[in-house]
Amino acid sequence: MKLKLSLSILIYFLAMTAFAQEQSPSNDSETINSKDKLVVVWTSGDKEVAEKMVFMYTYNAQKYGWWKDITLLVWGPSAKLLSEDKDLQKYVQKMKKEGVNLLACKGCADQYKISDQLSEIGVTVRYTGKDLTEFIKERHVITF
C-alpha cells in the first residue's frame, strides 16, 4: 500500500512538473522575436508624420514597455529630414536614452551625404537591406 501511494505521488509530481513546464513562457529567442520585438521603418520626409505618429508611438511604446525591443529604422527621405531638423534630432536622442535602437540605411544616407551627421547624433549607420529582410521575417514591422 505504501509503495502504491509513493508511486502515485511520484507520478502526480512528474505530471504536474511537465504541465508547469508547458505553461511557462518560453525563453526561445524566436518566440520573443515574433511576439515582443518591433521595427518602425520611418521613410517619410514629412515632419508632422514624424512628430505626430512615428516618434510619439515609438517613444511611448519603449517608455511604457509595450514591446521588449524596439528599433527605429531611418530610411530615405526621413534620413535627410533628420539630418536637417534640430527638434527631431533632440527627440531621437530622447528615444535613444529611453532604449530605442536607432538604425539608418547607409545607402540612403550616402546618397544625401549625411552619414556622418546621423552618426554624430547617435544613429547607427550601415547598409540595412539585409537587416530589413531579417526584420520582416522575424519581427513585427510597421512603416511610415
# chains A, B, ... in the order shown; residues from 1 in each chain; ligands from 1
call {"tool": "select_by_dssp", "arguments": {"residues": "stretch 17-144 of chain A", "states": "strand (DSSP E or B)", "output": "ChimeraX atom specification"}}
result
/A:37-42,69-74,101-105,124-126,140-143
call {"tool": "residues_around", "arguments": {"residues": "stretch 74-88 of chain A", "least_positions_apart": "3", "cutoff": "7 Å", "atoms": "only C-alpha atoms", "output": "list in words"}}
result
Val41, Trp42, Thr43, Ser44, Gly45, Tyr91, Val92, Leu103, Ala104, Cys105, Cys108, Ala109, Tyr112, Ile114, Gln117 and Leu118 of chain A
call {"tool": "closest_residue", "arguments": {"among": "A:Val49, A:Leu132, A:Ile70, A:Ala61", "to": "A:Val100", "atoms": "only C-alpha atoms"}}
result
A:Ile70
call {"tool": "atom_distance", "arguments": {"atom1": "atom CA of A:Gly129", "atom2": "atom CA of A:Lys63"}}
result
27.7 Å
